[in-house]
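So the structure is just underneath, and the comments pick up after that.
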Amino acid sequence: MELDGRVVVVTGGTRGVGAGIARSFLAAGAEVAVCARRPPDEPVSADGRQASFTPLDLRDPGAVRDFFDAVADRYGRLDCLVNNAGGTPYRLLGEGEAERHARVVELNLLAPMTAALAARPWLGRTRGSVVMIGSVSGTRPSPGTAAYGAAKAGLENLARSMAVEWAPDIRVNTLVLGMVRTELAHLHYGDDAGIEAVGATVPLGRLAEPADVGDAAVFLASDRARYVSGASLLVHGGGERPAFLNAATANKES
């Protein structure tokens with residue numbers, strides 16, 4: 001899965017999952033450009049190589065187009081866009097006005113579409129690919145993050161439509177993520193004991209690491225996935241054990 005000579009953009013690539021993805025691409029030999037609203041605390045690097053950084057608000061279509069033009073001008077090509085930027089605070093639907101929830105949808109659905117449209121002319125020249133970073137929140141009820149879940153469901157559908165419309169020149173796929181251990185994991189799962197307890201509910205026994213996501217993204221961007229498009233790859237450690245199995249009084253192991 002070596003990507004020597006390839007050029008990759010990772011949105012929101014300065015921390016957490018995005019930084020892990022960027023490092024995986026650097027380790028695979030790609031030139032990596034990351035963008036985010038704020039710079040990283042330290043340069044994103046791996047194996048002695050470093051990603052370039054550009055400050056960017058993905059909700060500004062003009063700035064996004066300028067960014068991709070600048071990347072293509074600097075490197076001479078673009079081979080992959082990883083639409084990673086996104087996220088949400090915990091907020092029940094009744095605790096926020098519609099405008100606040102709409103901003104979550106804008107960041108997690110409209111911004112990736114804006115980036116993909118801006119990258120399309122350059123990706124078409126290299127027969128490149130788009131990797132959307134989705135979430136299991138888009139496939140199940142998402143109380144406390146309902147707007148985020150709705151946006152991620154829309155993102156997965158958007159990717160499938162893009163895969164059809166932009167074929168055969170551009171492949172488009174989605175990584176559907178479960179729980180990932182990042183520097184912000186405590187905001188979602190609590191202290192170390194809480195994170196460990198949550199990880200124990202996953203069949204593989206732990207939360208994903210950003211590198212697990214990055215390696216899956218590298219695969220989808222590589223020639224080994226040359227016939228994979230319109231797909232949704234689950235990266236969730238086996239998912240979640242159904243709650244009813246724990247609640248039932250039948251079929252318990254003695």
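Letters A, B, ... go to the chains of the structure tokens in the order shown; residues in each chain start at 1; ligands are counted from 1 in the same order.
Excluding segment 137-143 of chain A and any residue on its chain fewer than 2 positions from it, the residues at most 7 Å away by only C-alpha atoms are A:Leu92, A:Ser135, A:Thr145, A:Ala146, A:Gly149, A:Ala150, A:Lys152, A:Ala153.
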So that I can check the surroundings of segment 2-4 of chain A, please list as a count of residues only every protein, DNA and RNA residue that reaches within 7 Å of it, counting only C-alpha atoms and ignoring chain neighbours fewer than 3 positions away. 4
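Among A:Pro40, A:Pro112, A:Pro168, A:Gly16, the residue with the shortest atom-to-atom distance to Val228 of chain A, counting only C-alpha atoms, is A:Pro168.
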Return as a VMD selection string the full set of residues in segment 157-215 of chain A whose backbone-based DSSP assignment is alpha helix (DSSP H). chain A and resid 157 to 165 185 to 189 192 to 199 210 to 215
DSSP strand (DSSP E) selection over segment 74-240 of chain A, as a PyMOL selection string: chain A and resi 80-83+129-135+171-177+232-235
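Residue neighbourhood of Arg125 of chain A, excluding near-sequence residues (fewer than 6 positions): Arg77, Leu78, Asp79 and Asp169 of chain A, at 9 Å, using only C-alpha atoms.
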For Gly134 of chain A, which residue out of A:Thr54, A:Ser232, A:Thr182, A:Ser161 is the nearest one, using only C-alpha atoms? A:Ser232
Using only C-alpha atoms, which protein or nucleic acid residues come within 8 Å of Leu107 of chain A? Drop anything in the same chain fewer than 3 positions from it, and give the result as a PDB file with C-alpha atoms, in the first residue's frame.
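Ended up saving to result-v2.pdb:
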```
ATOM      1  CA  LEU A  58     -14.541  24.596   5.355  1.00  0.00           C
ATOM      2  CA  ARG A  59     -17.818  26.482   5.527  1.00  0.00           C
ATOM      3  CA  ALA A  85     -13.344  17.436   9.732  1.00  0.00           C
ATOM      4  CA  GLY A  86     -16.464  17.390  11.873  1.00  0.00           C
ATOM      5  CA  GLY A  87     -17.739  16.704  15.345  1.00  0.00           C
ATOM      6  CA  ARG A 103     -24.525  24.365  12.345  1.00  0.00           C
ATOM      7  CA  VAL A 104     -23.693  20.762  13.252  1.00  0.00           C
ATOM      8  CA  LEU A 110     -22.333  20.427   3.811  1.00  0.00           C
ATOM      9  CA  ALA A 111     -18.644  21.134   4.463  1.00  0.00           C
ATOM     10  CA  PRO A 112     -17.513  17.702   3.195  1.00  0.00           C
TER      11      PRO A 112
END
```
